[in-house]
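Data file: my_file30.cif. Format and content: mmCIF, C-alpha atoms.
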data_my_file
#
loop_
_atom_site.group_PDB
_atom_site.id
_atom_site.type_symbol
_atom_site.label_atom_id
_atom_site.label_comp_id
_atom_site.auth_asym_id
_atom_site.auth_seq_id
_atom_site.Cartn_x
_atom_site.Cartn_y
_atom_site.Cartn_z
ATOM 1 C CA MET E 1 -23.457 -34.950 6.867
ATOM 2 C CA ASN E 2 -24.577 -31.316 6.435
ATOM 3 C CA ASP E 3 -26.506 -31.570 9.711
ATOM 4 C CA GLY E 4 -23.278 -32.074 11.616
ATOM 5 C CA ARG E 5 -21.456 -29.397 9.650
ATOM 6 C CA LEU E 6 -24.170 -26.858 10.423
ATOM 7 C CA ARG E 7 -24.208 -27.711 14.137
ATOM 8 C CA LEU E 8 -20.428 -27.386 14.261
ATOM 9 C CA ALA E 9 -20.515 -24.034 12.458
ATOM 10 C CA TYR E 10 -22.721 -22.729 15.269
ATOM 11 C CA ALA E 11 -19.942 -23.432 17.767
ATOM 12 C CA GLY E 12 -18.414 -20.144 16.641
ATOM 13 C CA LEU E 13 -14.878 -21.319 17.411
ATOM 14 C CA HIS E 14 -11.746 -19.738 15.973
ATOM 15 C CA PRO E 15 -11.459 -21.097 12.392
ATOM 16 C CA ASP E 16 -7.949 -22.447 13.018
ATOM 17 C CA ARG E 17 -9.055 -24.374 16.098
ATOM 18 C CA LEU E 18 -12.119 -25.718 14.321
ATOM 19 C CA ARG E 19 -9.994 -26.897 11.389
ATOM 20 C CA ASP E 20 -7.457 -28.573 13.733
ATOM 21 C CA LEU E 21 -10.183 -30.335 15.706
ATOM 22 C CA THR E 22 -11.939 -31.767 12.661
ATOM 23 C CA ALA E 23 -8.613 -32.785 11.102
ATOM 24 C CA SER E 24 -7.625 -34.782 14.187
ATOM 25 C CA ARG E 25 -11.010 -36.035 15.428
ATOM 26 C CA GLY E 26 -13.282 -35.925 12.395
ATOM 27 C CA LEU E 27 -16.701 -34.283 12.294
ATOM 28 C CA SER E 28 -18.511 -36.699 14.615
ATOM 29 C CA GLY E 29 -15.627 -36.906 17.053
ATOM 30 C CA THR E 30 -15.450 -33.123 17.307
ATOM 31 C CA LEU E 31 -19.195 -32.777 17.872
ATOM 32 C CA ASN E 32 -19.210 -35.531 20.495
ATOM 33 C CA GLY E 33 -16.179 -34.039 22.221
ATOM 34 C CA LEU E 34 -17.756 -30.601 22.407
ATOM 35 C CA VAL E 35 -21.119 -31.883 23.670
ATOM 36 C CA SER E 36 -19.580 -34.212 26.251
ATOM 37 C CA GLY E 37 -17.038 -31.721 27.518
ATOM 38 C CA ARG E 38 -14.032 -33.849 26.515
ATOM 39 C CA ILE E 39 -12.973 -30.882 24.380
ATOM 40 C CA ASN E 40 -12.327 -27.929 26.659
ATOM 41 C CA THR E 41 -14.630 -25.059 25.762
ATOM 42 C CA THR E 42 -17.376 -22.868 27.216
ATOM 43 C CA ASP E 43 -20.933 -23.731 28.223
ATOM 44 C CA ARG E 44 -22.153 -21.444 25.426
ATOM 45 C CA VAL E 45 -20.337 -23.519 22.802
ATOM 46 C CA ARG E 46 -21.610 -26.813 24.235
ATOM 47 C CA ASP E 47 -25.176 -25.507 24.338
ATOM 48 C CA ALA E 48 -24.922 -24.167 20.779
ATOM 49 C CA VAL E 49 -23.824 -27.446 19.193
ATOM 50 C CA ARG E 50 -26.538 -29.419 21.032
ATOM 51 C CA ILE E 51 -29.309 -27.648 19.099
ATOM 52 C CA PRO E 52 -30.573 -29.841 16.219
ATOM 53 C CA ALA E 53 -29.692 -28.834 12.678
ATOM 54 C CA GLU E 54 -33.340 -28.742 11.635
ATOM 55 C CA GLU E 55 -34.061 -26.101 14.268
ATOM 56 C CA ARG E 56 -31.089 -24.094 12.973
ATOM 57 C CA ARG E 57 -32.356 -24.314 9.407
ATOM 58 C CA GLU E 58 -35.732 -23.013 10.493
ATOM 59 C CA GLN E 59 -34.048 -20.087 12.258
ATOM 60 C CA LEU E 60 -32.020 -19.287 9.140
ATOM 61 C CA ALA E 61 -35.079 -19.448 6.888
ATOM 62 C CA ARG E 62 -36.978 -17.019 9.114
ATOM 63 C CA ALA E 63 -34.019 -14.624 9.014
ATOM 64 C CA GLY E 64 -33.572 -14.862 5.229
ATOM 65 C CA ILE E 65 -30.111 -16.396 5.602
ATOM 66 C CA GLU E 66 -28.708 -19.278 3.554
ATOM 67 C CA ALA E 67 -26.005 -21.705 4.674
ATOM 68 C CA LEU E 68 -23.625 -22.735 1.881
ATOM 69 C CA TYR E 69 -21.361 -25.767 2.358
ATOM 70 C CA LYS E 70 -17.903 -26.116 0.836
ATOM 71 C CA GLY E 71 -18.060 -28.514 -2.069
ATOM 72 C CA ASP E 72 -21.749 -27.958 -2.753
ATOM 73 C CA PRO E 73 -23.137 -26.023 -5.757
ATOM 74 C CA GLY E 74 -23.305 -22.332 -4.993
ATOM 75 C CA PHE E 75 -20.231 -22.230 -2.761
ATOM 76 C CA PRO E 76 -17.697 -19.920 -4.515
ATOM 77 C CA ASP E 77 -15.086 -21.979 -6.364
ATOM 78 C CA LEU E 78 -12.305 -19.467 -5.718
ATOM 79 C CA LEU E 79 -12.819 -19.828 -1.987
ATOM 80 C CA ALA E 80 -13.493 -23.566 -1.982
ATOM 81 C CA ASP E 81 -10.127 -24.282 -3.618
ATOM 82 C CA LEU E 82 -8.203 -22.932 -0.623
ATOM 83 C CA PRO E 83 -6.983 -25.192 2.216
ATOM 84 C CA ASP E 84 -8.113 -22.659 4.839
ATOM 85 C CA ALA E 85 -11.594 -22.069 3.383
ATOM 86 C CA PRO E 86 -14.502 -22.074 5.841
ATOM 87 C CA ASP E 87 -16.617 -25.215 5.759
ATOM 88 C CA VAL E 88 -19.884 -23.258 6.010
ATOM 89 C CA LEU E 89 -20.619 -19.757 4.744
ATOM 90 C CA PHE E 90 -23.702 -17.864 5.919
ATOM 91 C CA VAL E 91 -25.146 -15.635 3.200
ATOM 92 C CA ARG E 92 -27.803 -12.945 3.089
ATOM 93 C CA GLY E 93 -28.523 -11.827 -0.466
ATOM 94 C CA VAL E 94 -27.080 -13.357 -3.632
ATOM 95 C CA LEU E 95 -23.424 -14.111 -4.262
ATOM 96 C CA PRO E 96 -22.710 -12.463 -7.639
ATOM 97 C CA PRO E 97 -20.709 -14.146 -10.394
ATOM 98 C CA PHE E 98 -17.004 -13.830 -9.783
ATOM 99 C CA PRO E 99 -14.202 -12.769 -10.371
ATOM 100 C CA GLY E 100 -14.088 -10.466 -7.408
ATOM 101 C CA VAL E 101 -11.672 -7.650 -6.687
ATOM 102 C CA ALA E 102 -11.055 -6.803 -3.035
ATOM 103 C CA VAL E 103 -10.571 -3.182 -2.023
ATOM 104 C CA VAL E 104 -9.266 -2.886 1.533
ATOM 105 C CA GLY E 105 -7.531 -0.407 3.762
ATOM 106 C CA ALA E 106 -7.344 1.395 7.060
ATOM 107 C CA ARG E 107 -10.343 2.245 9.192
ATOM 108 C CA ARG E 108 -8.664 5.474 10.277
ATOM 109 C CA CYS E 109 -7.909 6.717 6.794
ATOM 110 C CA THR E 110 -7.549 10.124 5.191
ATOM 111 C CA SER E 111 -10.295 11.864 3.229
ATOM 112 C CA TYR E 112 -8.064 11.409 0.171
ATOM 113 C CA GLY E 113 -8.002 7.650 0.781
ATOM 114 C CA LYS E 114 -11.780 7.552 1.065
ATOM 115 C CA ARG E 115 -12.135 9.370 -2.271
ATOM 116 C CA ILE E 116 -9.726 6.937 -3.933
ATOM 117 C CA ALA E 117 -11.520 3.892 -2.476
ATOM 118 C CA ARG E 118 -14.928 5.158 -3.552
ATOM 119 C CA SER E 119 -13.685 5.864 -7.074
ATOM 120 C CA TYR E 120 -12.094 2.400 -7.250
ATOM 121 C CA GLY E 121 -15.355 0.809 -6.092
ATOM 122 C CA ARG E 122 -17.224 2.633 -8.873
ATOM 123 C CA ALA E 123 -14.621 1.770 -11.515
ATOM 124 C CA ILE E 124 -14.391 -1.919 -10.615
ATOM 125 C CA ALA E 125 -18.175 -2.252 -10.547
ATOM 126 C CA SER E 126 -18.532 -0.407 -13.841
ATOM 127 C CA ALA E 127 -16.051 -2.851 -15.396
ATOM 128 C CA GLY E 128 -18.409 -5.689 -14.451
ATOM 129 C CA TRP E 129 -16.442 -7.172 -11.548
ATOM 130 C CA THR E 130 -17.598 -7.864 -8.012
ATOM 131 C CA VAL E 131 -16.171 -5.601 -5.304
ATOM 132 C CA VAL E 132 -15.271 -7.504 -2.135
ATOM 133 C CA SER E 133 -14.477 -5.831 1.173
ATOM 134 C CA GLY E 134 -15.151 -5.934 4.903
ATOM 135 C CA LEU E 135 -17.807 -3.203 5.364
ATOM 136 C CA ALA E 136 -15.601 -1.603 8.027
ATOM 137 C CA ARG E 137 -15.305 2.110 8.601
ATOM 138 C CA GLY E 138 -12.892 3.965 6.345
ATOM 139 C CA ILE E 139 -11.597 2.421 3.127
ATOM 140 C CA ASP E 140 -13.851 -0.678 3.132
ATOM 141 C CA GLY E 141 -17.068 1.280 3.534
ATOM 142 C CA ALA E 142 -16.007 3.844 0.930
ATOM 143 C CA ALA E 143 -15.282 1.117 -1.637
ATOM 144 C CA HIS E 144 -18.668 -0.474 -0.998
ATOM 145 C CA GLN E 145 -20.346 2.920 -1.308
ATOM 146 C CA GLY E 146 -18.685 3.444 -4.679
ATOM 147 C CA THR E 147 -20.036 0.091 -5.824
ATOM 148 C CA VAL E 148 -23.552 1.043 -4.754
ATOM 149 C CA ASP E 149 -23.133 4.403 -6.560
ATOM 150 C CA ALA E 150 -22.428 2.491 -9.777
ATOM 151 C CA ALA E 151 -25.289 0.022 -9.187
ATOM 152 C CA GLY E 152 -22.678 -2.737 -9.188
ATOM 153 C CA ALA E 153 -22.334 -6.024 -7.352
ATOM 154 C CA ALA E 154 -20.577 -6.215 -3.998
ATOM 155 C CA VAL E 155 -19.864 -8.788 -1.317
ATOM 156 C CA ALA E 156 -19.324 -7.629 2.268
ATOM 157 C CA VAL E 157 -17.513 -10.116 4.525
ATOM 158 C CA LEU E 158 -18.230 -9.590 8.221
ATOM 159 C CA GLY E 159 -16.251 -10.508 11.326
ATOM 160 C CA SER E 160 -19.511 -11.086 13.196
ATOM 161 C CA GLY E 161 -22.787 -12.835 12.499
ATOM 162 C CA ILE E 162 -24.558 -11.259 9.528
ATOM 163 C CA ASP E 163 -27.432 -10.256 11.788
ATOM 164 C CA VAL E 164 -25.017 -8.330 14.029
ATOM 165 C CA MET E 165 -24.049 -5.278 11.999
ATOM 166 C CA TYR E 166 -20.637 -3.816 12.800
ATOM 167 C CA PRO E 167 -20.268 -0.924 12.629
ATOM 168 C CA LYS E 168 -23.948 -0.221 13.264
ATOM 169 C CA GLU E 169 -23.964 2.840 11.017
ATOM 170 C CA HIS E 170 -23.254 0.624 7.992
ATOM 171 C CA GLY E 171 -26.582 -1.192 8.307
ATOM 172 C CA LEU E 172 -28.086 0.912 5.511
ATOM 173 C CA LEU E 173 -25.062 0.274 3.289
ATOM 174 C CA ALA E 174 -25.412 -3.475 3.871
ATOM 175 C CA ARG E 175 -29.071 -3.333 2.842
ATOM 176 C CA GLN E 176 -28.129 -1.341 -0.278
ATOM 177 C CA ILE E 177 -25.533 -3.971 -1.196
ATOM 178 C CA ILE E 178 -28.154 -6.707 -0.953
ATOM 179 C CA SER E 179 -30.825 -4.751 -2.837
ATOM 180 C CA SER E 180 -28.288 -4.066 -5.627
ATOM 181 C CA GLY E 181 -27.821 -7.793 -6.210
ATOM 182 C CA GLY E 182 -24.925 -8.443 -3.851
ATOM 183 C CA ALA E 183 -24.500 -10.243 -0.558
ATOM 184 C CA VAL E 184 -23.373 -9.948 3.035
ATOM 185 C CA VAL E 185 -21.541 -13.088 4.201
ATOM 186 C CA SER E 186 -19.821 -14.498 7.261
ATOM 187 C CA GLU E 187 -18.359 -17.815 8.363
ATOM 188 C CA TYR E 188 -19.623 -17.030 11.863
ATOM 189 C CA PRO E 189 -23.191 -18.022 12.763
ATOM 190 C CA PRO E 190 -25.972 -15.498 13.334
ATOM 191 C CA GLY E 191 -25.777 -13.841 16.719
ATOM 192 C CA THR E 192 -21.955 -13.869 16.847
ATOM 193 C CA PRO E 193 -20.632 -10.633 18.399
ATOM 194 C CA PRO E 194 -17.847 -8.637 16.663
ATOM 195 C CA GLU E 195 -15.016 -9.719 18.949
ATOM 196 C CA GLY E 196 -11.567 -8.497 17.925
ATOM 197 C CA TRP E 197 -10.042 -11.951 17.412
ATOM 198 C CA ARG E 198 -12.611 -12.779 14.730
ATOM 199 C CA PHE E 199 -11.452 -10.147 12.237
ATOM 200 C CA PRO E 200 -7.984 -11.424 11.204
ATOM 201 C CA PRO E 201 -9.447 -14.813 10.096
ATOM 202 C CA ARG E 202 -12.217 -12.902 8.294
ATOM 203 C CA ASN E 203 -9.605 -11.279 6.075
ATOM 204 C CA ARG E 204 -8.601 -14.594 4.486
ATOM 205 C CA VAL E 205 -12.206 -14.952 3.270
ATOM 206 C CA ILE E 206 -11.998 -11.519 1.626
ATOM 207 C CA SER E 207 -8.871 -12.678 -0.201
ATOM 208 C CA GLY E 208 -10.348 -16.084 -0.958
ATOM 209 C CA LEU E 209 -13.339 -14.547 -2.730
ATOM 210 C CA SER E 210 -11.111 -12.303 -4.879
ATOM 211 C CA SER E 211 -8.863 -12.682 -7.889
ATOM 212 C CA ALA E 212 -6.967 -9.515 -6.994
ATOM 213 C CA ILE E 213 -6.498 -7.309 -3.913
ATOM 214 C CA VAL E 214 -6.217 -3.508 -3.954
ATOM 215 C CA VAL E 215 -4.819 -1.879 -0.812
ATOM 216 C CA VAL E 216 -5.656 1.825 -0.767
ATOM 217 C CA GLU E 217 -4.268 2.978 2.587
ATOM 218 C CA ALA E 218 -2.755 0.799 5.303
ATOM 219 C CA THR E 219 -0.595 1.020 8.377
ATOM 220 C CA VAL E 220 2.082 -1.599 8.892
ATOM 221 C CA LYS E 221 0.028 -3.474 11.510
ATOM 222 C CA GLY E 222 -3.494 -3.083 10.143
ATOM 223 C CA GLY E 223 -5.960 -5.646 8.902
ATOM 224 C CA ALA E 224 -5.352 -4.639 5.277
ATOM 225 C CA LEU E 225 -1.848 -6.106 5.422
ATOM 226 C CA ILE E 226 -3.269 -9.283 6.951
ATOM 227 C CA THR E 227 -5.512 -9.494 3.890
ATOM 228 C CA ALA E 228 -2.482 -8.891 1.646
ATOM 229 C CA GLU E 229 -0.553 -11.655 3.423
ATOM 230 C CA ALA E 230 -3.470 -14.028 2.848
ATOM 231 C CA ALA E 231 -3.586 -12.950 -0.813
ATOM 232 C CA LEU E 232 0.103 -13.800 -1.148
ATOM 233 C CA ARG E 233 -0.544 -17.301 0.253
ATOM 234 C CA HIS E 234 -3.533 -17.683 -2.045
ATOM 235 C CA GLY E 235 -1.602 -16.659 -5.153
ATOM 236 C CA ARG E 236 -3.670 -13.519 -5.797
ATOM 237 C CA GLN E 237 -2.453 -10.384 -7.543
ATOM 238 C CA ILE E 238 -1.789 -7.538 -5.129
ATOM 239 C CA PHE E 239 -2.097 -3.859 -6.031
ATOM 240 C CA ALA E 240 -1.305 -0.942 -3.732
ATOM 241 C CA VAL E 241 -1.849 2.809 -3.963
ATOM 242 C CA PRO E 242 1.424 4.642 -3.251
ATOM 243 C CA GLY E 243 1.358 7.464 -0.744
ATOM 244 C CA ASP E 244 3.435 10.079 1.022
ATOM 245 C CA VAL E 245 6.601 8.810 2.634
ATOM 246 C CA GLY E 246 6.238 9.193 6.392
ATOM 247 C CA ARG E 247 2.437 9.154 6.475
ATOM 248 C CA PRO E 248 1.353 6.216 8.684
ATOM 249 C CA THR E 249 -1.569 5.242 6.442
ATOM 250 C CA SER E 250 0.733 5.118 3.413
ATOM 251 C CA GLU E 251 3.502 3.116 5.027
ATOM 252 C CA GLY E 252 1.847 -0.267 4.535
ATOM 253 C CA CYS E 253 1.108 0.396 0.847
ATOM 254 C CA ASN E 254 4.618 1.669 0.157
ATOM 255 C CA LEU E 255 6.118 -1.417 1.778
ATOM 256 C CA LEU E 256 3.891 -3.672 -0.317
ATOM 257 C CA ILE E 257 5.095 -1.939 -3.490
ATOM 258 C CA ARG E 258 8.692 -2.229 -2.336
ATOM 259 C CA ASP E 259 8.146 -5.966 -1.874
ATOM 260 C CA GLY E 260 6.620 -6.520 -5.305
ATOM 261 C CA ALA E 261 2.980 -5.371 -5.311
ATOM 262 C CA PHE E 262 1.796 -3.578 -8.443
ATOM 263 C CA PRO E 263 1.499 0.193 -7.899
ATOM 264 C CA SER E 264 -1.970 1.480 -8.798
ATOM 265 C CA LEU E 265 -1.871 5.146 -9.781
ATOM 266 C CA ASP E 266 -5.516 5.793 -10.696
ATOM 267 C CA THR E 267 -8.709 4.006 -11.695
ATOM 268 C CA ALA E 268 -7.765 3.728 -15.377
ATOM 269 C CA ASP E 269 -4.381 2.250 -14.413
ATOM 270 C CA LEU E 270 -6.058 -0.279 -12.118
ATOM 271 C CA ILE E 271 -8.628 -1.420 -14.700
ATOM 272 C CA GLU E 272 -5.955 -1.752 -17.403
#
Rewrite the structure of this file - the entire thing - as C-alpha cells.
Amino acid sequence: MNDGRLRLAYAGLHPDRLRDLTASRGLSGTLNGLVSGRINTTDRVRDAVRIPAEERREQLARAGIEALYKGDPGFPDLLADLPDAPDVLFVRGVLPPFPGVAVVGARRCTSYGKRIARSYGRAIASAGWTVVSGLARGIDGAAHQGTVDAAGAAVAVLGSGIDVMYPKEHGLLARQIISSGGAVVSEYPPGTPPEGWRFPPRNRVISGLSSAIVVVEATVKGGALITAEAALRHGRQIFAVPGDVGRPTSEGCNLLIRDGAFPSLDTADLIE
C-alpha cells in the first residue's frame, strides 16, 4: 500500500486535486489513470509516477529524507486528524514533540515586526513548545531565527521540495533548525520547484501542525491570513499582534482581532 502512496506523492499534483482523484478513483485507479493518460496531466507527472517505489526510497535514503505516511507511527497526530491532511510528508531532521505554535506573517514586513517575531520565536521555544512556520522571508524567517537563538525546536514547512531551498538565503537557517533538533518538512516530493500555487496549500500544513497560530504582521491578502483561515477551520486558537491603523502590514492583524482573534501585546502576554 505504501508503495502506491509514495509513487502518487511524487506526482506533485495540487493537494486538492490529488485528494479528489483518490476519493473518486481510489489509489490504484488514480495511479493507473495517471500512467495510462486517462487522467489528463503532463508528461512529467506520468513519468514521475512510473518510477518504482523502491527506487524512490533509495533516493530518499541517499538524501537523508524520510517519508512519513498518514496513519503510521511518527506522523504528527495533530495533522493526521484533519480531513485535508497530506497523505505523505517528507521530512529532513526530526519532528519534535508537539504541541506546536505557528508564528506567521508578511514577507514584506517592518523591522518592528521582525523584532516582534524573533522575540516570540525565542519566548515560545524557551517555554518548551515547538515553533512552526514557513521559512519565508520576513516574519517566518525571523521567528525561526528566534527559535535557533534560544536553542529551541522548530519545524519549517516548505512550499517546494525540501531539497529546493526557497528563499535560497535561508539554507543556513534550515540547517540550523535541523541541527538544533528540529525538522524541515514538505508534502511535495524532492525536486519540486517553488511555484506560487503551491504555497496556499502549504499554509494548511503549518496550521495542522500547530495548536495555536500567532499572526505578527499581515496584509489583507497575504499568506498569513490563509494560514489563519485554515486555523479557523481546524479549530485552532488564533492570536494577532495589533498594529497601527492604516499601516498595510497591520491591517490583516487588526481585522483578525476585530473578528475574534486574541490580541497578543507582548511575549509575556502570549505565553500566559
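When all atoms listed in the file are used to measure the gap to Arg57 (chain E), the shortest distance among E:Ala23, E:Arg38, E:Pro189, E:Leu95 belongs to E:Pro189.
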For each of E:Val215, E:Arg204, E:Tyr112, E:Ala268, take the minimum atom-to-atom distance to Leu82 (chain E), counting all atoms listed in the file, then give the residue where this is smallest. E:Arg204
Taking the file as I've supplied it (selection: the PyMOL selection byres ((chain E and resi 239) around 8)), which residues are included? Please answer as a list in words. Ala212, Ile213, Val214, Val215, Gln237, Ile238, Ala240, Val241, Ile257, Ala261, Phe262, Pro263 and Ser264 of chain E
Quick one: of E:Val103, E:Val157, E:Leu270, E:Leu78, who's nearest to Ala218 (chain E), counting all atoms listed in the file? E:Val103
Given the point (-5.8, -13.7, 6.8) in the file's coordinates, find the residues that have an atom at most 6 Å from it, counting all atoms listed in the file, and give them as an MDAnalysis selection string. chainID E and resid 200:201 203:204 226:227 230
Test item: the PyMOL selection byres ((chain E and resi 3) around 8) resolved as a VMD selection string: chain E and resid 1 to 2 4 to 7 52 to 54
Quick check, in Å to one decimal: how far apart do CA of Val49 (chain E) and CA of Gly93 (chain E) lie? 25.5 Å
Please, what distance in Å, to one decimal, runs between CA of Lys114 (chain E) and CA of Leu89 (chain E)?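 Separating CA of Lys114 (chain E) from CA of Leu89 (chain E) is a distance of 28.9 Å.
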What does the structure give for the distance between CA of Leu255 (chain E) and CA of Pro242 (chain E), in Å to one decimal? 9.2 Å
3 Å per side around region 132-136 of chain E: axis-aligned box centre and edge lengths, as JSON:
{"center_x": -16.1, "center_y": -4.6, "center_z": 2.9, "size_x": 9.3, "size_y": 11.9, "size_z": 16.2}
